[in-house]
Protein chains: 2
Amino acid sequence: MSGDLVRPFAAGIDGASGGVDPAGVVSERRLSDLRGLFRDAAALERAVGEGDEVVYRVVAAPVPEVEGEVPFSVTTIEAGRVGDEFYMTRGHAHPEPQGEVYFGLSGRGVLLMYDGEEVRWVEIRPGVAGYIPPGWAHRTANVGGEPFRFLAVYPGSAGHDYAIVAEGGMGARVVRSAAGYEVVEEPGGAGPAVREYYRRRKKRG
Amino acid sequence: MSGDLVRPFAAGIDGASGGVDPAGVVSERRLSDLRGLFRDAAALERAVGEGDEVVYRVVAAPVPEVEGEVPFSVTTIEAGRVGDEFYMTRGHAHPEPQGEVYFGLSGRGVLLMYDGEEVRWVEIRPGVAGYIPPGWAHRTANVGGEPFRFLAVYPGSAGHDYAIVAEGGMGARVVRSAAGYEVVEEPGGAGPAVREYYRRRKKRG
């Protein structure tokens with residue numbers, strides 16, 4: 001890797017707006033960016049036609065994603081559902097198996113994790129840190145009525161593999177229930193190639 | 001590296017007490033553990049004789065410090081001074097050059113960084129994240145009247161070198177002033193061996 005060295009700095013993290021100041025890259029995902037991920041494809045297309053809202057926004061601090069650096073960002077997931085499934089991120093795994101820490105800032109969400117065979121999830125609220133071990137894909141969903149925001153911190157070498165989640169799923173969905181929400185495991189599970197992808201990343205020598 | 005794989009989990013982070021639940025390793029440093037670090041050695045010895053208080057405590061989450069994992073911890077620095085110098089951590093550099101993120105939880109502190117030649121510092125308060133780039137030694141001091149607490153997140157392969165700070169200093173001290181506090185650079189600077197230590201760690205190929 002090459003590039004300018006990052007200088008020491010401080011960034012304001014606004015838990016009420018999801019802002020990071022100074023900010024680096026900002027990315028937004030609308031409903032139309034999430035085709036194929038929600039169970040109810042017809043409901044998704046209706047919502048795309050009705051305004052294609054922003055589902056989530058990620059504001060990164062100005063730290064590059066390279067070996068040695070430790071990037072951080074704030075994600076805001078809006079409140080909403082597609083059918084009975086809560087608004088959520090695309091979800092990804094790290095091609096280089098590195099852990100990650102999420103720290104809740106506002107609202108209430110579910111951090112869903114999947115290793116190709118097993119599903120684990122934890123609820124994230126302000127003052128709760130979720131730990132994503134190396135080798136686990138992860139996705140967050142907003143299960144509350146207001147925006148859900150969290151700070152993410154991860155090694156710059158980790159990378160992002162969205163395709164493995166688009167292909168192999170997350171093993172479960174976060175849906176509305178009488179109690180508010182529930183995490184429902186999906187029948188069948190991923191195929192052998194997806195399981196092998198995760199197994200390779202979870203080994204510790 | 002070897003060992004059991006860490007499982008996904010969530011930890012409660014109590015910004016009012018400095019607690020982490022579940023917790024891993026807890027470490028405490030008293031005044032007597034900080035001999036040689038404050039400028040006023042006589043004032044330190046008097047304070048050691050008067051009860052040797054705890055200066056800071058680090059409560060780690062149960063994530064091991066190994067390659068691939070991303071440990072996190074909460075540090076609480078008590079309010080106080082040795083002479084005119086604020087209570088502070090020992091300070092360390094990472095033998096493997098990896099960055100680190102500090103996120104303020106309560107109180108007010110200074111994050112002091114040093115690369116063997118240059119001093120940089122930022123103030124950390126609740127809602128402020130400080131970024132420590134690879135190759136910079138770091139120390140925090142409590143510049144307020146209540147405990148200063150922050151969440152730290154860092155790659156598990158980084159390691160901790162306390163000796164380089166004990167030997168080469170931090171290039172500056174955080175002391176009381178009419179305005180509350182100031183960061184005063186130390187004359188002279190580190191020797192060539194210390195400067196070379198940091199230079200080796202800041203290179204990006």
# chains A, B, ... in the order shown; residues from 1 in each chain; ligands from 1
>>> closest_atom_pairs(of="chain B", to="chain A", cutoff="7 Å", atoms="only C-alpha atoms", output="JSON lines")
{"residue": "B:Met1", "atom": "CA", "partner": "A:Gly205", "partner_atom": "CA", "distance": 6.1}
{"residue": "B:Ser2", "atom": "CA", "partner": "A:Gly205", "partner_atom": "CA", "distance": 5.7}
{"residue": "B:Val6", "atom": "CA", "partner": "A:Pro133", "partner_atom": "CA", "distance": 6.2}
{"residue": "B:Arg7", "atom": "CA", "partner": "A:Pro133", "partner_atom": "CA", "distance": 6.4}
{"residue": "B:Pro8", "atom": "CA", "partner": "A:Ile132", "partner_atom": "CA", "distance": 5.5}
{"residue": "B:Phe9", "atom": "CA", "partner": "A:Tyr131", "partner_atom": "CA", "distance": 5.4}
{"residue": "B:Ala10", "atom": "CA", "partner": "A:Gly130", "partner_atom": "CA", "distance": 4.2}
{"residue": "B:Ala11", "atom": "CA", "partner": "A:Ala129", "partner_atom": "CA", "distance": 5.2}
{"residue": "B:Gly12", "atom": "CA", "partner": "A:Val128", "partner_atom": "CA", "distance": 4.6}
{"residue": "B:Ile13", "atom": "CA", "partner": "A:Gly127", "partner_atom": "CA", "distance": 5.1}
{"residue": "B:Asp14", "atom": "CA", "partner": "A:Gly127", "partner_atom": "CA", "distance": 6.5}
{"residue": "B:Gly68", "atom": "CA", "partner": "A:Gln98", "partner_atom": "CA", "distance": 4.3}
{"residue": "B:Glu69", "atom": "CA", "partner": "A:Gly99", "partner_atom": "CA", "distance": 4.9}
{"residue": "B:Val70", "atom": "CA", "partner": "A:Gly99", "partner_atom": "CA", "distance": 5.2}
{"residue": "B:Pro97", "atom": "CA", "partner": "A:Gly68", "partner_atom": "CA", "distance": 6.1}
{"residue": "B:Gln98", "atom": "CA", "partner": "A:Gly68", "partner_atom": "CA", "distance": 4.3}
{"residue": "B:Gly99", "atom": "CA", "partner": "A:Glu69", "partner_atom": "CA", "distance": 4.9}
{"residue": "B:Glu100", "atom": "CA", "partner": "A:Val70", "partner_atom": "CA", "distance": 6.0}
{"residue": "B:Arg120", "atom": "CA", "partner": "A:Pro8", "partner_atom": "CA", "distance": 6.8}
{"residue": "B:Val122", "atom": "CA", "partner": "A:Ala10", "partner_atom": "CA", "distance": 6.1}
{"residue": "B:Gly127", "atom": "CA", "partner": "A:Ile13", "partner_atom": "CA", "distance": 5.1}
{"residue": "B:Val128", "atom": "CA", "partner": "A:Gly12", "partner_atom": "CA", "distance": 4.6}
{"residue": "B:Ala129", "atom": "CA", "partner": "A:Ala11", "partner_atom": "CA", "distance": 5.2}
{"residue": "B:Gly130", "atom": "CA", "partner": "A:Ala10", "partner_atom": "CA", "distance": 4.2}
{"residue": "B:Tyr131", "atom": "CA", "partner": "A:Phe9", "partner_atom": "CA", "distance": 5.4}
{"residue": "B:Ile132", "atom": "CA", "partner": "A:Pro8", "partner_atom": "CA", "distance": 5.5}
{"residue": "B:Pro133", "atom": "CA", "partner": "A:Pro8", "partner_atom": "CA", "distance": 6.0}
{"residue": "B:Pro134", "atom": "CA", "partner": "A:Gly68", "partner_atom": "CA", "distance": 6.1}
{"residue": "B:Val153", "atom": "CA", "partner": "A:Val153", "partner_atom": "CA", "distance": 7.0}
{"residue": "B:Pro155", "atom": "CA", "partner": "A:Pro155", "partner_atom": "CA", "distance": 6.4}
{"residue": "B:Arg204", "atom": "CA", "partner": "A:Ser2", "partner_atom": "CA", "distance": 6.0}
{"residue": "B:Gly205", "atom": "CA", "partner": "A:Ser2", "partner_atom": "CA", "distance": 5.7}
>>> residues_around(residues="Asp84 in chain B", least_positions_apart="2", cutoff="12 Å", atoms="only C-alpha atoms", output="number ranges by chain")
B: 38-41, 43-44, 80-82, 86-87, 143, 173-178, 180-184
>>> write_last_selection(atoms="N, CA and C atoms", output="PDB file, in the first residue's frame")
ATOM      1  N   PHE B  38       6.483  11.405  35.871  1.00  0.00           N
ATOM      2  CA  PHE B  38       6.125  12.803  36.165  1.00  0.00           C
ATOM      3  C   PHE B  38       7.400  13.620  36.374  1.00  0.00           C
ATOM      4  N   ARG B  39       7.327  14.903  36.070  1.00  0.00           N
ATOM      5  CA  ARG B  39       8.512  15.756  36.204  1.00  0.00           C
ATOM      6  C   ARG B  39       8.910  15.949  37.661  1.00  0.00           C
ATOM      7  N   ASP B  40       7.910  16.072  38.541  1.00  0.00           N
ATOM      8  CA  ASP B  40       8.195  16.391  39.940  1.00  0.00           C
ATOM      9  C   ASP B  40       8.268  15.106  40.777  1.00  0.00           C
ATOM     10  N   ALA B  41       9.461  14.507  40.808  1.00  0.00           N
ATOM     11  CA  ALA B  41       9.635  13.209  41.480  1.00  0.00           C
ATOM     12  C   ALA B  41       9.381  13.306  42.979  1.00  0.00           C
ATOM     13  N   ALA B  43       7.244  15.366  44.516  1.00  0.00           N
ATOM     14  CA  ALA B  43       5.793  15.426  44.723  1.00  0.00           C
ATOM     15  C   ALA B  43       5.180  14.041  44.558  1.00  0.00           C
ATOM     16  N   LEU B  44       5.691  13.261  43.607  1.00  0.00           N
ATOM     17  CA  LEU B  44       5.176  11.909  43.412  1.00  0.00           C
ATOM     18  C   LEU B  44       5.414  11.073  44.668  1.00  0.00           C
ATOM     19  N   GLY B  80      -6.726  14.581  39.188  1.00  0.00           N
ATOM     20  CA  GLY B  80      -5.652  14.843  40.142  1.00  0.00           C
ATOM     21  C   GLY B  80      -4.400  15.310  39.428  1.00  0.00           C
ATOM     22  N   ARG B  81      -3.409  15.721  40.221  1.00  0.00           N
ATOM     23  CA  ARG B  81      -2.136  16.160  39.656  1.00  0.00           C
ATOM     24  C   ARG B  81      -0.998  15.679  40.526  1.00  0.00           C
ATOM     25  N   VAL B  82       0.173  15.590  39.927  1.00  0.00           N
ATOM     26  CA  VAL B  82       1.436  15.409  40.647  1.00  0.00           C
ATOM     27  C   VAL B  82       2.214  16.693  40.382  1.00  0.00           C
ATOM     28  N   PHE B  86      -0.962  16.889  35.233  1.00  0.00           N
ATOM     29  CA  PHE B  86      -2.208  16.140  35.410  1.00  0.00           C
ATOM     30  C   PHE B  86      -1.986  14.628  35.419  1.00  0.00           C
ATOM     31  N   TYR B  87      -2.842  13.947  36.182  1.00  0.00           N
ATOM     32  CA  TYR B  87      -2.839  12.483  36.182  1.00  0.00           C
ATOM     33  C   TYR B  87      -2.936  11.975  34.745  1.00  0.00           C
ATOM     34  N   VAL B 143      -7.686  16.341  32.242  1.00  0.00           N
ATOM     35  CA  VAL B 143      -7.513  17.782  32.487  1.00  0.00           C
ATOM     36  C   VAL B 143      -8.755  18.398  33.123  1.00  0.00           C
ATOM     37  N   ARG B 173       4.468  17.805  28.141  1.00  0.00           N
ATOM     38  CA  ARG B 173       3.745  17.490  29.379  1.00  0.00           C
ATOM     39  C   ARG B 173       2.456  18.291  29.418  1.00  0.00           C
ATOM     40  N   VAL B 174       1.432  17.727  30.078  1.00  0.00           N
ATOM     41  CA  VAL B 174       0.127  18.384  30.187  1.00  0.00           C
ATOM     42  C   VAL B 174       0.024  18.927  31.609  1.00  0.00           C
ATOM     43  N   VAL B 175       0.053  20.258  31.735  1.00  0.00           N
ATOM     44  CA  VAL B 175       0.168  20.898  33.049  1.00  0.00           C
ATOM     45  C   VAL B 175      -0.923  21.945  33.264  1.00  0.00           C
ATOM     46  N   ARG B 176      -1.160  22.234  34.533  1.00  0.00           N
ATOM     47  CA  ARG B 176      -2.114  23.270  34.920  1.00  0.00           C
ATOM     48  C   ARG B 176      -1.658  24.632  34.411  1.00  0.00           C
ATOM     49  N   SER B 177      -2.617  25.451  34.033  1.00  0.00           N
ATOM     50  CA  SER B 177      -2.295  26.820  33.633  1.00  0.00           C
ATOM     51  C   SER B 177      -3.441  27.720  34.064  1.00  0.00           C
ATOM     52  N   ALA B 178      -3.279  29.020  33.857  1.00  0.00           N
ATOM     53  CA  ALA B 178      -4.348  29.963  34.216  1.00  0.00           C
ATOM     54  C   ALA B 178      -5.621  29.634  33.444  1.00  0.00           C
ATOM     55  N   GLY B 180      -6.585  26.718  32.587  1.00  0.00           N
ATOM     56  CA  GLY B 180      -7.071  25.373  32.899  1.00  0.00           C
ATOM     57  C   GLY B 180      -5.952  24.362  32.701  1.00  0.00           C
ATOM     58  N   TYR B 181      -5.480  24.282  31.461  1.00  0.00           N
ATOM     59  CA  TYR B 181      -4.340  23.405  31.192  1.00  0.00           C
ATOM     60  C   TYR B 181      -3.596  23.921  29.967  1.00  0.00           C
ATOM     61  N   GLU B 182      -2.366  23.487  29.852  1.00  0.00           N
ATOM     62  CA  GLU B 182      -1.636  23.706  28.605  1.00  0.00           C
ATOM     63  C   GLU B 182      -0.718  22.528  28.351  1.00  0.00           C
ATOM     64  N   VAL B 183      -0.357  22.357  27.091  1.00  0.00           N
ATOM     65  CA  VAL B 183       0.555  21.298  26.690  1.00  0.00           C
ATOM     66  C   VAL B 183       1.895  21.974  26.411  1.00  0.00           C
ATOM     67  N   VAL B 184       2.890  21.645  27.238  1.00  0.00           N
ATOM     68  CA  VAL B 184       4.173  22.336  27.179  1.00  0.00           C
ATOM     69  C   VAL B 184       5.211  21.393  26.584  1.00  0.00           C
TER      70      VAL B 184
END
>>> select_by_dssp(residues="chain A", states="strand (DSSP E or B)", output="JSON, numbers by chain")
{"A": [9, 10, 11, 12, 13, 14, 19, 20, 21, 26, 27, 28, 29, 30, 54, 55, 56, 57, 58, 59, 60, 72, 73, 74, 75, 76, 77, 81, 82, 85, 86, 88, 92, 93, 100, 101, 102, 103, 104, 105, 106, 109, 110, 111, 112, 113, 114, 119, 120, 121, 122, 123, 124, 126, 128, 129, 130, 131, 132, 137, 138, 139, 140, 141, 142, 148, 149, 150, 151, 152, 153, 161, 172, 173, 174, 175, 176, 177, 180, 181, 182, 183, 184, 185]}
>>> residues_around(residues="Arg29 in chain B", least_positions_apart="3", cutoff="8 Å", atoms="only C-alpha atoms", output="PDB file with C-alpha atoms, in the first residue's frame")
ATOM      1  CA  SER B  32       3.897   4.165  42.630  1.00  0.00           C
ATOM      2  CA  ASP B  33       3.566   2.424  39.251  1.00  0.00           C
ATOM      3  CA  LEU B  34       4.261   5.740  37.508  1.00  0.00           C
ATOM      4  CA  VAL B  54      -5.088   4.625  41.855  1.00  0.00           C
ATOM      5  CA  VAL B  55      -4.392   6.979  38.939  1.00  0.00           C
ATOM      6  CA  TYR B  56      -6.113   4.953  36.233  1.00  0.00           C
ATOM      7  CA  ARG B  57      -7.875   1.699  35.519  1.00  0.00           C
TER       8      ARG B  57
END
>>> atom_distance(atom1="CA of Gly24 in chain B", atom2="CA of Val58 in chain B")
10.1 Å
>>> atom_distance(atom1="CA of Ala172 in chain B", atom2="CA of Glu50 in chain B")
27.1 Å
>>> atom_distance(atom1="CA of Thr89 in chain A", atom2="CA of Pro22 in chain A")
23.5 Å
>>> residues_around(residues="Arg195 in chain A", least_positions_apart="3", cutoff="9 Å", atoms="only C-alpha atoms", output="ChimeraX atom specification")
/A:115-117,168,190-192,198-200
>>> residues_around(residues="Gly91 in chain B", least_positions_apart="6", cutoff="9 Å", atoms="only C-alpha atoms", output="ChimeraX atom specification")
/B:112,137-140,161-162,165-166,169-170
>>> write_last_selection(atoms="C-alpha atoms", output="mmCIF file, in the first residue's frame")
data_model
loop_
_atom_site.group_PDB
_atom_site.id
_atom_site.type_symbol
_atom_site.label_atom_id
_atom_site.label_comp_id
_atom_site.auth_asym_id
_atom_site.auth_seq_id
_atom_site.Cartn_x
_atom_site.Cartn_y
_atom_site.Cartn_z
ATOM 1 C CA LEU B 112 -0.975 13.415 23.541
ATOM 2 C CA ALA B 137 3.235 6.951 20.813
ATOM 3 C CA HIS B 138 0.210 8.012 22.850
ATOM 4 C CA ARG B 139 -0.696 8.975 26.389
ATOM 5 C CA THR B 140 -3.881 10.464 27.861
ATOM 6 C CA ASP B 161 5.804 -0.827 24.138
ATOM 7 C CA TYR B 162 5.928 1.137 27.404
ATOM 8 C CA VAL B 165 8.004 6.170 26.344
ATOM 9 C CA ALA B 166 9.776 5.655 29.683
ATOM 10 C CA GLY B 169 9.346 10.620 26.829
ATOM 11 C CA MET B 170 6.365 12.076 24.995
#
>>> select_by_dssp(residues="range 2-196 of chain A", states="helix (DSSP H, G or I)", output="VMD selection string")
chain A and resid 31 to 34 41 to 49 163 to 168 192 to 196
>>> write_last_selection(atoms="C-alpha atoms", output="PDB file, in the first residue's frame")
ATOM      1  CA  LEU A  31     -34.085   1.034  -1.657  1.00  0.00           C
ATOM      2  CA  SER A  32     -33.129   0.470  -5.296  1.00  0.00           C
ATOM      3  CA  ASP A  33     -29.544  -0.290  -4.226  1.00  0.00           C
ATOM      4  CA  LEU A  34     -30.837  -3.140  -2.070  1.00  0.00           C
ATOM      5  CA  ALA A  41     -39.277  -8.260  -3.856  1.00  0.00           C
ATOM      6  CA  ALA A  42     -42.702  -6.918  -4.872  1.00  0.00           C
ATOM      7  CA  ALA A  43     -42.917  -4.703  -1.778  1.00  0.00           C
ATOM      8  CA  LEU A  44     -39.428  -3.412  -2.523  1.00  0.00           C
ATOM      9  CA  GLU A  45     -40.367  -2.457  -6.098  1.00  0.00           C
ATOM     10  CA  ARG A  46     -43.487  -0.664  -4.866  1.00  0.00           C
ATOM     11  CA  ALA A  47     -41.362   1.337  -2.388  1.00  0.00           C
ATOM     12  CA  VAL A  48     -38.799   2.144  -5.093  1.00  0.00           C
ATOM     13  CA  GLY A  49     -41.669   3.490  -7.212  1.00  0.00           C
ATOM     14  CA  ALA A 163     -21.074 -10.414  -2.997  1.00  0.00           C
ATOM     15  CA  ILE A 164     -20.748 -13.264  -0.504  1.00  0.00           C
ATOM     16  CA  VAL A 165     -23.777 -11.927   1.398  1.00  0.00           C
ATOM     17  CA  ALA A 166     -25.754 -11.249  -1.805  1.00  0.00           C
ATOM     18  CA  GLU A 167     -25.011 -14.848  -2.813  1.00  0.00           C
ATOM     19  CA  GLY A 168     -25.098 -16.736   0.470  1.00  0.00           C
ATOM     20  CA  PRO A 192     -20.877 -25.768   0.293  1.00  0.00           C
ATOM     21  CA  ALA A 193     -18.924 -23.038  -1.534  1.00  0.00           C
ATOM     22  CA  VAL A 194     -20.256 -20.354   0.813  1.00  0.00           C
ATOM     23  CA  ARG A 195     -19.556 -22.481   3.886  1.00  0.00           C
ATOM     24  CA  GLU A 196     -16.008 -23.073   2.677  1.00  0.00           C
TER      25      GLU A 196
END
>>> closest_residue(among="B:Ala60, B:Met88, B:Glu185, B:Glu78", to="Gly145 in chain B", atoms="only C-alpha atoms")
B:Glu78
>>> decode(residues="range 21-45 of chain A", atoms="N, CA, C and O atoms", output="PDB file, in the first residue's frame")
ATOM      1  N   ASP A  21     -17.094  14.984  11.859  1.00  0.00           N
ATOM      2  CA  ASP A  21     -16.469  16.235  11.433  1.00  0.00           C
ATOM      3  C   ASP A  21     -15.045  16.318  11.967  1.00  0.00           C
ATOM      4  O   ASP A  21     -14.867  16.404  13.181  1.00  0.00           O
ATOM      5  N   PRO A  22     -14.023  16.241  11.095  1.00  0.00           N
ATOM      6  CA  PRO A  22     -14.087  16.211   9.637  1.00  0.00           C
ATOM      7  C   PRO A  22     -14.534  14.847   9.100  1.00  0.00           C
ATOM      8  O   PRO A  22     -14.282  13.819   9.740  1.00  0.00           O
ATOM      9  N   ALA A  23     -15.152  14.868   7.921  1.00  0.00           N
ATOM     10  CA  ALA A  23     -15.624  13.637   7.296  1.00  0.00           C
ATOM     11  C   ALA A  23     -14.761  13.273   6.103  1.00  0.00           C
ATOM     12  O   ALA A  23     -14.138  14.138   5.480  1.00  0.00           O
ATOM     13  N   GLY A  24     -14.728  11.987   5.796  1.00  0.00           N
ATOM     14  CA  GLY A  24     -14.108  11.491   4.572  1.00  0.00           C
ATOM     15  C   GLY A  24     -15.213  11.115   3.589  1.00  0.00           C
ATOM     16  O   GLY A  24     -16.105  11.911   3.320  1.00  0.00           O
ATOM     17  N   VAL A  25     -15.162   9.884   3.122  1.00  0.00           N
ATOM     18  CA  VAL A  25     -16.146   9.413   2.134  1.00  0.00           C
ATOM     19  C   VAL A  25     -17.524   9.270   2.785  1.00  0.00           C
ATOM     20  O   VAL A  25     -17.645   8.758   3.894  1.00  0.00           O
ATOM     21  N   VAL A  26     -18.566   9.737   2.085  1.00  0.00           N
ATOM     22  CA  VAL A  26     -19.946   9.562   2.529  1.00  0.00           C
ATOM     23  C   VAL A  26     -20.666   8.713   1.488  1.00  0.00           C
ATOM     24  O   VAL A  26     -20.575   8.996   0.288  1.00  0.00           O
ATOM     25  N   SER A  27     -21.342   7.659   1.929  1.00  0.00           N
ATOM     26  CA  SER A  27     -22.083   6.845   0.957  1.00  0.00           C
ATOM     27  C   SER A  27     -23.508   6.648   1.424  1.00  0.00           C
ATOM     28  O   SER A  27     -23.779   6.558   2.623  1.00  0.00           O
ATOM     29  N   GLU A  28     -24.409   6.612   0.452  1.00  0.00           N
ATOM     30  CA  GLU A  28     -25.839   6.462   0.727  1.00  0.00           C
ATOM     31  C   GLU A  28     -26.361   5.273  -0.051  1.00  0.00           C
ATOM     32  O   GLU A  28     -25.982   5.087  -1.213  1.00  0.00           O
ATOM     33  N   ARG A  29     -27.242   4.521   0.562  1.00  0.00           N
ATOM     34  CA  ARG A  29     -27.897   3.417  -0.151  1.00  0.00           C
ATOM     35  C   ARG A  29     -29.398   3.633  -0.114  1.00  0.00           C
ATOM     36  O   ARG A  29     -29.970   3.784   0.971  1.00  0.00           O
ATOM     37  N   ARG A  30     -29.985   3.635  -1.309  1.00  0.00           N
ATOM     38  CA  ARG A  30     -31.439   3.737  -1.423  1.00  0.00           C
ATOM     39  C   ARG A  30     -32.056   2.354  -1.572  1.00  0.00           C
ATOM     40  O   ARG A  30     -31.350   1.365  -1.789  1.00  0.00           O
ATOM     41  N   LEU A  31     -33.377   2.310  -1.493  1.00  0.00           N
ATOM     42  CA  LEU A  31     -34.085   1.034  -1.657  1.00  0.00           C
ATOM     43  C   LEU A  31     -33.654   0.320  -2.936  1.00  0.00           C
ATOM     44  O   LEU A  31     -33.428  -0.899  -2.938  1.00  0.00           O
ATOM     45  N   SER A  32     -33.485   1.096  -4.011  1.00  0.00           N
ATOM     46  CA  SER A  32     -33.129   0.470  -5.296  1.00  0.00           C
ATOM     47  C   SER A  32     -31.721  -0.131  -5.295  1.00  0.00           C
ATOM     48  O   SER A  32     -31.405  -0.968  -6.145  1.00  0.00           O
ATOM     49  N   ASP A  33     -30.889   0.308  -4.349  1.00  0.00           N
ATOM     50  CA  ASP A  33     -29.544  -0.290  -4.226  1.00  0.00           C
ATOM     51  C   ASP A  33     -29.588  -1.627  -3.498  1.00  0.00           C
ATOM     52  O   ASP A  33     -28.561  -2.317  -3.400  1.00  0.00           O
ATOM     53  N   LEU A  34     -30.750  -1.956  -2.936  1.00  0.00           N
ATOM     54  CA  LEU A  34     -30.837  -3.140  -2.070  1.00  0.00           C
ATOM     55  C   LEU A  34     -31.692  -4.242  -2.696  1.00  0.00           C
ATOM     56  O   LEU A  34     -32.136  -5.162  -2.014  1.00  0.00           O
ATOM     57  N   ARG A  35     -31.885  -4.143  -4.029  1.00  0.00           N
ATOM     58  CA  ARG A  35     -32.644  -5.191  -4.733  1.00  0.00           C
ATOM     59  C   ARG A  35     -32.000  -6.555  -4.509  1.00  0.00           C
ATOM     60  O   ARG A  35     -30.779  -6.683  -4.543  1.00  0.00           O
ATOM     61  N   GLY A  36     -32.828  -7.547  -4.284  1.00  0.00           N
ATOM     62  CA  GLY A  36     -32.328  -8.915  -4.116  1.00  0.00           C
ATOM     63  C   GLY A  36     -32.026  -9.272  -2.674  1.00  0.00           C
ATOM     64  O   GLY A  36     -31.751 -10.435  -2.374  1.00  0.00           O
ATOM     65  N   LEU A  37     -32.069  -8.289  -1.780  1.00  0.00           N
ATOM     66  CA  LEU A  37     -31.687  -8.576  -0.397  1.00  0.00           C
ATOM     67  C   LEU A  37     -32.893  -8.787   0.520  1.00  0.00           C
ATOM     68  O   LEU A  37     -32.811  -9.557   1.476  1.00  0.00           O
ATOM     69  N   PHE A  38     -33.988  -8.090   0.250  1.00  0.00           N
ATOM     70  CA  PHE A  38     -35.198  -8.281   1.069  1.00  0.00           C
ATOM     71  C   PHE A  38     -36.004  -9.457   0.523  1.00  0.00           C
ATOM     72  O   PHE A  38     -35.993  -9.731  -0.677  1.00  0.00           O
ATOM     73  N   ARG A  39     -36.745 -10.125   1.392  1.00  0.00           N
ATOM     74  CA  ARG A  39     -37.516 -11.300   0.962  1.00  0.00           C
ATOM     75  C   ARG A  39     -38.655 -10.911   0.024  1.00  0.00           C
ATOM     76  O   ARG A  39     -38.934 -11.599  -0.940  1.00  0.00           O
ATOM     77  N   ASP A  40     -39.308  -9.774   0.335  1.00  0.00           N
ATOM     78  CA  ASP A  40     -40.508  -9.381  -0.416  1.00  0.00           C
ATOM     79  C   ASP A  40     -40.121  -8.435  -1.565  1.00  0.00           C
ATOM     80  O   ASP A  40     -40.146  -7.212  -1.431  1.00  0.00           O
ATOM     81  N   ALA A  41     -39.767  -9.042  -2.711  1.00  0.00           N
ATOM     82  CA  ALA A  41     -39.277  -8.260  -3.856  1.00  0.00           C
ATOM     83  C   ALA A  41     -40.360  -7.335  -4.404  1.00  0.00           C
ATOM     84  O   ALA A  41     -40.062  -6.217  -4.853  1.00  0.00           O
ATOM     85  N   ALA A  42     -41.613  -7.760  -4.349  1.00  0.00           N
ATOM     86  CA  ALA A  42     -42.702  -6.918  -4.872  1.00  0.00           C
ATOM     87  C   ALA A  42     -42.877  -5.678  -3.997  1.00  0.00           C
ATOM     88  O   ALA A  42     -43.070  -4.563  -4.497  1.00  0.00           O
ATOM     89  N   ALA A  43     -42.801  -5.850  -2.695  1.00  0.00           N
ATOM     90  CA  ALA A  43     -42.917  -4.703  -1.778  1.00  0.00           C
ATOM     91  C   ALA A  43     -41.754  -3.741  -1.998  1.00  0.00           C
ATOM     92  O   ALA A  43     -41.920  -2.518  -1.953  1.00  0.00           O
ATOM     93  N   LEU A  44     -40.579  -4.275  -2.260  1.00  0.00           N
ATOM     94  CA  LEU A  44     -39.428  -3.412  -2.523  1.00  0.00           C
ATOM     95  C   LEU A  44     -39.677  -2.574  -3.777  1.00  0.00           C
ATOM     96  O   LEU A  44     -39.459  -1.356  -3.761  1.00  0.00           O
ATOM     97  N   GLU A  45     -40.144  -3.202  -4.845  1.00  0.00           N
ATOM     98  CA  GLU A  45     -40.367  -2.457  -6.098  1.00  0.00           C
ATOM     99  C   GLU A  45     -41.442  -1.382  -5.909  1.00  0.00           C
ATOM    100  O   GLU A  45     -41.322  -0.281  -6.456  1.00  0.00           O
TER     101      GLU A  45
END
